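J.: So I've got this file, model31.pdb, and it contains PDB, C-alpha atoms, pLDDT in the B column:
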```
ATOM      1  CA  MET A   1     104.320  76.069 105.531  1.00 90.00           C
ATOM      2  CA  ARG A   2     101.869  78.019 103.417  1.00 93.00           C
ATOM      3  CA  HIS A   3     103.391  79.624 100.336  1.00 96.00           C
ATOM      4  CA  THR A   4     101.815  82.287  98.154  1.00 96.00           C
ATOM      5  CA  LEU A   5     102.776  82.139  94.485  1.00 96.00           C
ATOM      6  CA  SER A   6     102.080  84.909  91.999  1.00 96.00           C
ATOM      7  CA  VAL A   7     102.041  83.417  88.501  1.00 97.00           C
ATOM      8  CA  MET A   8     101.798  85.564  85.367  1.00 97.00           C
ATOM      9  CA  VAL A   9     100.258  83.597  82.498  1.00 97.00           C
ATOM     10  CA  GLU A  10      99.012  84.330  79.010  1.00 96.00           C
ATOM     11  CA  ASN A  11      95.288  85.001  79.024  1.00 95.00           C
ATOM     12  CA  LYS A  12      94.403  81.966  76.909  1.00 94.00           C
ATOM     13  CA  PRO A  13      91.928  79.095  77.255  1.00 94.00           C
ATOM     14  CA  GLY A  14      93.174  76.001  79.075  1.00 92.00           C
ATOM     15  CA  ILE A  15      96.002  77.519  81.128  1.00 94.00           C
ATOM     16  CA  LEU A  16      94.053  77.250  84.396  1.00 93.00           C
ATOM     17  CA  THR A  17      93.410  73.567  83.718  1.00 94.00           C
ATOM     18  CA  ARG A  18      97.095  72.907  83.003  1.00 94.00           C
ATOM     19  CA  VAL A  19      98.271  74.702  86.158  1.00 94.00           C
ATOM     20  CA  ALA A  20      95.687  73.017  88.418  1.00 93.00           C
ATOM     21  CA  GLY A  21      96.455  69.661  86.786  1.00 93.00           C
ATOM     22  CA  LEU A  22     100.155  70.055  87.535  1.00 93.00           C
ATOM     23  CA  PHE A  23      99.411  70.453  91.247  1.00 93.00           C
ATOM     24  CA  SER A  24      96.907  67.597  91.200  1.00 91.00           C
ATOM     25  CA  ARG A  25      99.215  65.153  89.429  1.00 92.00           C
ATOM     26  CA  ARG A  26     101.885  65.762  92.047  1.00 89.00           C
ATOM     27  CA  GLY A  27      99.429  65.308  94.923  1.00 90.00           C
ATOM     28  CA  TYR A  28      99.441  68.903  96.199  1.00 90.00           C
ATOM     29  CA  ASN A  29      96.250  70.592  97.274  1.00 91.00           C
ATOM     30  CA  ILE A  30      95.730  74.190  96.223  1.00 94.00           C
ATOM     31  CA  GLU A  31      94.371  75.919  99.323  1.00 94.00           C
ATOM     32  CA  SER A  32      93.399  79.077  97.452  1.00 94.00           C
ATOM     33  CA  LEU A  33      93.362  80.047  93.793  1.00 95.00           C
ATOM     34  CA  ALA A  34      92.350  83.389  92.306  1.00 95.00           C
ATOM     35  CA  VAL A  35      92.770  84.304  88.656  1.00 95.00           C
ATOM     36  CA  GLY A  36      92.092  87.574  86.933  1.00 94.00           C
ATOM     37  CA  GLU A  37      93.119  89.689  83.997  1.00 95.00           C
ATOM     38  CA  THR A  38      95.937  92.169  84.613  1.00 95.00           C
ATOM     39  CA  GLU A  39      96.467  95.727  83.423  1.00 95.00           C
ATOM     40  CA  ASN A  40      97.514  94.103  80.131  1.00 96.00           C
ATOM     41  CA  PRO A  41      94.558  92.081  78.768  1.00 95.00           C
ATOM     42  CA  ALA A  42      96.970  89.598  77.170  1.00 96.00           C
ATOM     43  CA  PHE A  43      97.984  88.358  80.643  1.00 97.00           C
ATOM     44  CA  SER A  44      96.286  87.026  83.760  1.00 96.00           C
ATOM     45  CA  ARG A  45      97.686  86.796  87.273  1.00 97.00           C
ATOM     46  CA  MET A  46      97.126  83.641  89.273  1.00 97.00           C
ATOM     47  CA  THR A  47      97.535  83.889  93.023  1.00 97.00           C
ATOM     48  CA  ILE A  48      98.008  80.374  94.369  1.00 96.00           C
ATOM     49  CA  VAL A  49      98.287  79.403  98.028  1.00 96.00           C
ATOM     50  CA  VAL A  50      99.771  75.955  98.582  1.00 95.00           C
ATOM     51  CA  ASP A  51     101.138  74.151 101.623  1.00 93.00           C
ATOM     52  CA  GLY A  52     104.657  72.743 101.362  1.00 89.00           C
ATOM     53  CA  ASP A  53     108.256  73.167 102.405  1.00 91.00           C
ATOM     54  CA  ASP A  54     110.783  75.216 100.406  1.00 90.00           C
ATOM     55  CA  ARG A  55     111.979  72.154  98.479  1.00 92.00           C
ATOM     56  CA  VAL A  56     108.445  71.279  97.369  1.00 91.00           C
ATOM     57  CA  ILE A  57     107.736  74.859  96.297  1.00 93.00           C
ATOM     58  CA  GLU A  58     111.001  74.999  94.356  1.00 93.00           C
ATOM     59  CA  GLN A  59     110.052  71.776  92.559  1.00 92.00           C
ATOM     60  CA  LEU A  60     106.539  73.058  91.769  1.00 93.00           C
ATOM     61  CA  THR A  61     107.976  76.345  90.505  1.00 94.00           C
ATOM     62  CA  LYS A  62     110.348  74.531  88.163  1.00 93.00           C
ATOM     63  CA  GLN A  63     107.462  72.439  86.827  1.00 93.00           C
ATOM     64  CA  LEU A  64     105.302  75.547  86.347  1.00 94.00           C
ATOM     65  CA  HIS A  65     108.100  77.211  84.335  1.00 93.00           C
ATOM     66  CA  LYS A  66     107.957  74.289  81.893  1.00 93.00           C
ATOM     67  CA  LEU A  67     104.295  74.942  81.069  1.00 92.00           C
ATOM     68  CA  ILE A  68     103.561  76.807  77.872  1.00 89.00           C
ATOM     69  CA  ASN A  69     101.946  80.195  78.486  1.00 94.00           C
ATOM     70  CA  VAL A  70     103.537  80.683  81.936  1.00 96.00           C
ATOM     71  CA  HIS A  71     105.707  83.810  81.862  1.00 95.00           C
ATOM     72  CA  LYS A  72     106.715  84.646  85.421  1.00 96.00           C
ATOM     73  CA  ILE A  73     106.482  82.975  88.825  1.00 96.00           C
ATOM     74  CA  GLN A  74     107.192  84.654  92.147  1.00 95.00           C
ATOM     75  CA  ASP A  75     107.053  83.098  95.580  1.00 95.00           C
ATOM     76  CA  ILE A  76     105.845  86.171  97.472  1.00 96.00           C
ATOM     77  CA  THR A  77     105.484  84.403 100.808  1.00 95.00           C
ATOM     78  CA  HIS A  78     108.289  86.353 102.483  1.00 94.00           C
ATOM     79  CA  GLU A  79     107.743  89.614 100.609  1.00 94.00           C
ATOM     80  CA  GLN A  80     105.938  92.618 101.999  1.00 95.00           C
ATOM     81  CA  THR A  81     102.552  92.308 100.329  1.00 94.00           C
ATOM     82  CA  VAL A  82      99.017  93.574 100.397  1.00 94.00           C
ATOM     83  CA  LYS A  83      96.731  90.535 100.711  1.00 94.00           C
ATOM     84  CA  ARG A  84      92.961  90.506 100.473  1.00 96.00           C
ATOM     85  CA  GLU A  85      90.033  88.128 100.189  1.00 96.00           C
ATOM     86  CA  LEU A  86      86.352  88.836  99.656  1.00 97.00           C
ATOM     87  CA  ILE A  87      83.591  86.990 101.452  1.00 97.00           C
ATOM     88  CA  LEU A  88      79.804  87.099 101.123  1.00 98.00           C
ATOM     89  CA  PHE A  89      77.580  85.906 103.965  1.00 97.00           C
ATOM     90  CA  LYS A  90      73.841  85.333 103.737  1.00 98.00           C
ATOM     91  CA  VAL A  91      72.715  85.701 107.339  1.00 98.00           C
ATOM     92  CA  ASN A  92      69.314  85.051 108.885  1.00 97.00           C
ATOM     93  CA  SER A  93      67.881  88.336 110.097  1.00 96.00           C
ATOM     94  CA  ASP A  94      64.561  89.592 111.329  1.00 93.00           C
ATOM     95  CA  THR A  95      63.449  92.804 112.976  1.00 92.00           C
ATOM     96  CA  ASN A  96      64.836  91.595 116.325  1.00 93.00           C
ATOM     97  CA  THR A  97      68.374  90.788 115.149  1.00 96.00           C
ATOM     98  CA  ARG A  98      68.865  93.211 112.249  1.00 96.00           C
ATOM     99  CA  SER A  99      70.312  96.058 114.345  1.00 96.00           C
ATOM    100  CA  GLU A 100      72.758  93.700 116.108  1.00 97.00           C
ATOM    101  CA  ILE A 101      73.985  92.359 112.777  1.00 97.00           C
ATOM    102  CA  MET A 102      74.341  95.900 111.430  1.00 97.00           C
ATOM    103  CA  GLN A 103      76.548  96.788 114.427  1.00 97.00           C
ATOM    104  CA  ILE A 104      78.804  93.791 113.732  1.00 97.00           C
ATOM    105  CA  VAL A 105      78.987  94.783 110.056  1.00 98.00           C
ATOM    106  CA  GLU A 106      79.999  98.317 111.038  1.00 98.00           C
ATOM    107  CA  ILE A 107      82.675  97.135 113.488  1.00 97.00           C
ATOM    108  CA  PHE A 108      84.334  95.059 110.757  1.00 98.00           C
ATOM    109  CA  ARG A 109      83.937  97.802 108.127  1.00 97.00           C
ATOM    110  CA  ALA A 110      81.894  95.450 106.006  1.00 98.00           C
ATOM    111  CA  ARG A 111      78.818  96.316 103.928  1.00 98.00           C
ATOM    112  CA  ILE A 112      75.264  95.094 103.634  1.00 98.00           C
ATOM    113  CA  VAL A 113      74.708  94.518  99.926  1.00 98.00           C
ATOM    114  CA  ASP A 114      71.250  92.918 100.006  1.00 97.00           C
ATOM    115  CA  LEU A 115      68.372  92.993 102.439  1.00 96.00           C
ATOM    116  CA  SER A 116      65.184  90.940 102.477  1.00 95.00           C
ATOM    117  CA  ARG A 117      62.522  90.243 105.051  1.00 94.00           C
ATOM    118  CA  ASN A 118      64.322  87.194 106.537  1.00 96.00           C
ATOM    119  CA  SER A 119      67.966  87.608 105.549  1.00 97.00           C
ATOM    120  CA  MET A 120      70.730  89.938 104.520  1.00 97.00           C
ATOM    121  CA  ILE A 121      73.879  89.540 102.492  1.00 98.00           C
ATOM    122  CA  VAL A 122      77.040  90.983 104.010  1.00 98.00           C
ATOM    123  CA  GLU A 123      80.191  91.691 101.991  1.00 98.00           C
ATOM    124  CA  ALA A 124      83.567  91.893 103.731  1.00 98.00           C
ATOM    125  CA  THR A 125      87.129  92.211 102.476  1.00 97.00           C
ATOM    126  CA  GLY A 126      90.377  91.791 104.327  1.00 96.00           C
ATOM    127  CA  ASP A 127      92.957  89.279 105.391  1.00 93.00           C
ATOM    128  CA  GLN A 128      92.092  85.772 106.495  1.00 91.00           C
ATOM    129  CA  SER A 129      92.011  86.541 110.220  1.00 94.00           C
ATOM    130  CA  LYS A 130      89.549  89.421 109.767  1.00 96.00           C
ATOM    131  CA  LEU A 131      87.232  87.314 107.625  1.00 96.00           C
ATOM    132  CA  ASP A 132      87.413  84.425 110.082  1.00 96.00           C
ATOM    133  CA  ALA A 133      86.538  86.845 112.903  1.00 97.00           C
ATOM    134  CA  ILE A 134      83.473  88.288 111.176  1.00 98.00           C
ATOM    135  CA  GLU A 135      82.330  84.769 110.305  1.00 97.00           C
ATOM    136  CA  THR A 136      82.605  83.799 113.978  1.00 97.00           C
ATOM    137  CA  ALA A 137      80.624  86.903 114.974  1.00 98.00           C
ATOM    138  CA  LEU A 138      77.836  86.270 112.430  1.00 98.00           C
ATOM    139  CA  ARG A 139      77.543  82.489 112.822  1.00 97.00           C
ATOM    140  CA  PRO A 140      75.242  82.631 115.904  1.00 97.00           C
ATOM    141  CA  TYR A 141      72.612  84.441 113.804  1.00 97.00           C
ATOM    142  CA  GLY A 142      72.508  81.555 111.341  1.00 97.00           C
ATOM    143  CA  LEU A 143      74.584  81.510 108.181  1.00 97.00           C
ATOM    144  CA  ARG A 144      72.460  80.394 105.248  1.00 97.00           C
ATOM    145  CA  GLU A 145      75.251  80.629 102.692  1.00 97.00           C
ATOM    146  CA  LEU A 146      78.880  81.640 102.510  1.00 97.00           C
ATOM    147  CA  ALA A 147      81.000  82.335  99.427  1.00 97.00           C
ATOM    148  CA  ARG A 148      84.681  83.190  99.690  1.00 94.00           C
ATOM    149  CA  THR A 149      87.121  84.214  96.984  1.00 93.00           C
ATOM    150  CA  GLY A 150      90.674  83.064  96.912  1.00 92.00           C
ATOM    151  CA  LEU A 151      93.474  85.225  98.185  1.00 95.00           C
ATOM    152  CA  ILE A 152      94.807  87.964  95.935  1.00 96.00           C
ATOM    153  CA  ALA A 153      98.131  89.579  96.725  1.00 95.00           C
ATOM    154  CA  MET A 154     100.486  92.197  95.375  1.00 94.00           C
ATOM    155  CA  VAL A 155     104.043  93.010  96.431  1.00 95.00           C
ATOM    156  CA  ARG A 156     104.323  96.436  98.054  1.00 94.00           C
ATOM    157  CA  GLY A 157     106.448  99.184  96.586  1.00 89.00           C
ATOM    158  CA  SER A 158     108.010  99.546  93.164  1.00 74.00           C
ATOM    159  CA  LYS A 159     108.953  95.909  92.513  1.00 58.00           C
TER     160      LYS A 159
END
```
What is this structure when it is put down as structure tokens?
T.:
Amino acid sequence: MRHTLSVMVENKPGILTRVAGLFSRRGYNIESLAVGETENPAFSRMTIVVDGDDRVIEQLTKQLHKLINVHKIQDITHEQTVKRELILFKVNSDTNTRSEIMQIVEIFRARIVDLSRNSMIVEATGDQSKLDAIETALRPYGLRELARTGLIAMVRGSK
């Protein structure tokens, strides 16, 4: 089962390496990892998506707690959360296909952020299923490049 962990760490050099190394040494693949500074510049939030059963996640959480600079770990898998990813697509486009691509972009509430004679870059945000759907819709036009952030998530409400 996929688990989403929200890990609050001190915003110091090397912490990302130590966290990723912990997963690697134990043979667990991080499916998604996003790190960014929080409202307090002394801390960063890591959102980590990893596949494993409850026992594995409990073990990884205990190991994470032992790392210096890790302050708080939450398994937010079963919490009510807002989850988002960002994706950029560079799509082949010419005068014949541009209007079709623009219609797809509009349907998915995405944005065109760059336009050239032979291509355009489309930016989309949303959950994984939405991003997978827009990728499927744009793929027939020829994807030149694709860049996708990791998942970021926040628990809803006042928690």
J.: With distances taken over only C-alpha atoms, which residue among A:Ala153, A:Ile15, A:Ile101, A:Leu22 lies nearest Asp127 of chain A?
T.: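 Ranked by minimum distance to Asp127 of chain A, first place goes to A:Ala153.
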J.: Would you compute the distance between atom CA of Asn118 of chain A and atom CA of Asp132 of chain A? Give it in Å to one decimal.
T.: 23.5 Å
J.: Segment 59-67 of chain A: which residues within 10 Å, counting only C-alpha atoms, same-chain residues fewer than 5 positions away excluded, as a list in words?
T.: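 Returned residues: Leu5, Val7, Val9, Ile15, Arg18, Val19, Leu22, Phe23, Arg26, Tyr28, Gly52, Asp54, Lys72, Ile73, Gln74 and Asp75 of chain A.
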J.: Smallest atom-to-atom distance to His71 of chain A: which of A:Ser6, A:Ile87, A:Ile107, A:Asn96, using only C-alpha atoms?
T.: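 Of the candidates, the smallest distance to His71 of chain A is held by A:Ser6.
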J.: Using all atoms listed in the file, pick whichever of A:Leu88, A:Leu143, A:Leu33, A:Ile76 has the shortest atom-to-atom distance to Val122 of chain A.
T.: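 Closest residue, counting all atoms listed in the file: A:Leu88.
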J.: Between A:Glu85, A:Glu79, A:Ile112, A:Tyr141, which residue has the minimum interatomic distance to Thr97 of chain A, considering all atoms listed in the file?
T.: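 For Thr97 of chain A, the nearest of the given residues is A:Tyr141.
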J.: When you draw a straight line from atom CA of Gly36 of chain A to atom CA of Met154 of chain A, how long is it in Å?
T.: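 The value is 12.8 Å.
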J.: Kindly resolve the PyMOL selection byres ((chain A and resi 128) around 9) on the present coordinates and return the residues as a PyMOL selection string.
T.: chain A and resi 83-85+126-127+129-133+151
J.: Return the single residue from A:Ala34, A:Ser119, A:Arg111, A:Val50 that is closest to Asp94 of chain A, with distances computed using all atoms listed in the file.
T.: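 Once distances to Asp94 of chain A are computed over all atoms listed in the file, the minimum belongs to A:Ser119.
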J.: Starting from the displayed file, determine the output of the PyMOL selection byres ((chain A and resi 80) around 6) and express the residue list as a ChimeraX atom specification.
T.: /A:79,81,155-156
J.: Quote the spacing between atom CA of Glu10 of chain A and atom CA of Ser158 of chain A in Å to one decimal place.
T.: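 Separation between atom CA of Glu10 of chain A and atom CA of Ser158 of chain A: 22.6 Å.
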J.: Nearest residue to Arg148 of chain A out of A:Val49, A:Leu115, A:Ala124, A:Leu86, using all atoms listed in the file?
T.: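 Ranking A:Val49, A:Leu115, A:Ala124, A:Leu86 by distance to Arg148 of chain A, first place goes to A:Leu86.
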J.: Taking all listed atoms of segment 70-86 of chain A, build the axis-aligned box, pad each of the six sides by 6 Å, then write its centre and edge lengths in Å to one decimal as AutoDock Vina command-line options.
T.:
```
--center_x 97.3 --center_y 87.1 --center_z 92.2 --size_x 33.9 --size_y 24.9 --size_z 32.6
```
J.: Any chance you could work out the residue set of the PyMOL selection byres ((chain A and resi 43) around 6) here, as JSON, numbers by chain?
T.: {"A": [9, 10, 11, 38, 40, 41, 42, 44]}
J.: Identify the residues within 7 Å of coordinate (80.0, 81.0, 105.0) (same frame as the file), considering all atoms listed in the file, and give the answer as a PDB file with C-alpha atoms, keeping the file's coordinate frame.
T.:
```pdb
ATOM      1  CA  PHE A  89      77.580  85.906 103.965  1.00 97.00           C
ATOM      2  CA  GLU A 135      82.330  84.769 110.305  1.00 97.00           C
ATOM      3  CA  LEU A 143      74.584  81.510 108.181  1.00 97.00           C
ATOM      4  CA  GLU A 145      75.251  80.629 102.692  1.00 97.00           C
ATOM      5  CA  LEU A 146      78.880  81.640 102.510  1.00 97.00           C
ATOM      6  CA  ALA A 147      81.000  82.335  99.427  1.00 97.00           C
TER       7      ALA A 147
END
```
J.: Could you write segment 111-142 of chain A as a short mmCIF file (atom, residue, chain, number, x, y, z; two decimals), in the coordinates of the input, with N, CA and C atoms rebuilt where they are missing?
T.:
```cif
data_model
loop_
_atom_site.label_atom_id
_atom_site.label_comp_id
_atom_site.auth_asym_id
_atom_site.auth_seq_id
_atom_site.Cartn_x
_atom_site.Cartn_y
_atom_site.Cartn_z
N ARG A 111 79.97 95.64 104.52
CA ARG A 111 78.82 96.32 103.93
C ARG A 111 77.65 95.34 103.79
N ILE A 112 76.47 95.87 103.93
CA ILE A 112 75.26 95.09 103.63
C ILE A 112 74.94 95.38 102.18
N VAL A 113 74.92 94.33 101.36
CA VAL A 113 74.71 94.52 99.93
C VAL A 113 73.34 94.03 99.46
N ASP A 114 72.60 93.34 100.34
CA ASP A 114 71.25 92.92 100.01
C ASP A 114 70.48 92.72 101.31
N LEU A 115 69.20 93.09 101.25
CA LEU A 115 68.37 92.99 102.44
C LEU A 115 66.99 92.48 102.03
N SER A 116 66.54 91.44 102.70
CA SER A 116 65.18 90.94 102.48
C SER A 116 64.50 90.81 103.83
N ARG A 117 63.30 90.33 103.81
CA ARG A 117 62.52 90.24 105.05
C ARG A 117 63.17 89.31 106.08
N ASN A 118 63.79 88.20 105.61
CA ASN A 118 64.32 87.19 106.54
C ASN A 118 65.84 87.02 106.49
N SER A 119 66.51 87.79 105.65
CA SER A 119 67.97 87.61 105.55
C SER A 119 68.62 88.87 105.02
N MET A 120 69.93 88.88 105.13
CA MET A 120 70.73 89.94 104.52
C MET A 120 72.02 89.33 104.02
N ILE A 121 72.58 89.97 103.00
CA ILE A 121 73.88 89.54 102.49
C ILE A 121 74.90 90.60 102.89
N VAL A 122 75.97 90.13 103.53
CA VAL A 122 77.04 90.98 104.01
C VAL A 122 78.28 90.71 103.18
N GLU A 123 78.95 91.78 102.76
CA GLU A 123 80.19 91.69 101.99
C GLU A 123 81.32 92.22 102.87
N ALA A 124 82.41 91.46 102.95
CA ALA A 124 83.57 91.89 103.73
C ALA A 124 84.83 91.58 102.95
N THR A 125 85.82 92.46 103.07
CA THR A 125 87.13 92.21 102.48
C THR A 125 88.18 92.37 103.57
N GLY A 126 89.29 91.67 103.37
CA GLY A 126 90.38 91.79 104.33
C GLY A 126 91.26 90.57 104.29
N ASP A 127 92.09 90.46 105.31
CA ASP A 127 92.96 89.28 105.39
C ASP A 127 92.18 88.13 106.03
N GLN A 128 92.78 86.98 106.04
CA GLN A 128 92.09 85.77 106.50
C GLN A 128 91.61 85.89 107.93
N SER A 129 92.41 86.47 108.81
CA SER A 129 92.01 86.54 110.22
C SER A 129 90.79 87.44 110.41
N LYS A 130 90.72 88.54 109.67
CA LYS A 130 89.55 89.42 109.77
C LYS A 130 88.29 88.70 109.29
N LEU A 131 88.40 88.01 108.16
CA LEU A 131 87.23 87.31 107.62
C LEU A 131 86.79 86.17 108.53
N ASP A 132 87.76 85.48 109.12
CA ASP A 132 87.41 84.42 110.08
C ASP A 132 86.69 85.02 111.29
N ALA A 133 87.14 86.20 111.73
CA ALA A 133 86.54 86.84 112.90
C ALA A 133 85.10 87.28 112.63
N ILE A 134 84.85 87.87 111.46
CA ILE A 134 83.47 88.29 111.18
C ILE A 134 82.57 87.07 110.98
N GLU A 135 83.12 86.00 110.43
CA GLU A 135 82.33 84.77 110.30
C GLU A 135 81.93 84.25 111.69
N THR A 136 82.88 84.25 112.61
CA THR A 136 82.60 83.80 113.98
C THR A 136 81.53 84.68 114.63
N ALA A 137 81.59 85.98 114.38
CA ALA A 137 80.62 86.90 114.97
C ALA A 137 79.22 86.73 114.38
N LEU A 138 79.14 86.40 113.09
CA LEU A 138 77.84 86.27 112.43
C LEU A 138 77.22 84.87 112.55
N ARG A 139 78.03 83.88 112.80
CA ARG A 139 77.54 82.49 112.82
C ARG A 139 76.38 82.27 113.80
N PRO A 140 76.37 82.86 114.99
CA PRO A 140 75.24 82.63 115.90
C PRO A 140 73.88 83.08 115.36
N TYR A 141 73.88 83.97 114.38
CA TYR A 141 72.61 84.44 113.80
C TYR A 141 72.08 83.49 112.74
N GLY A 142 72.91 82.54 112.33
CA GLY A 142 72.51 81.56 111.34
C GLY A 142 72.99 81.92 109.96
#
```
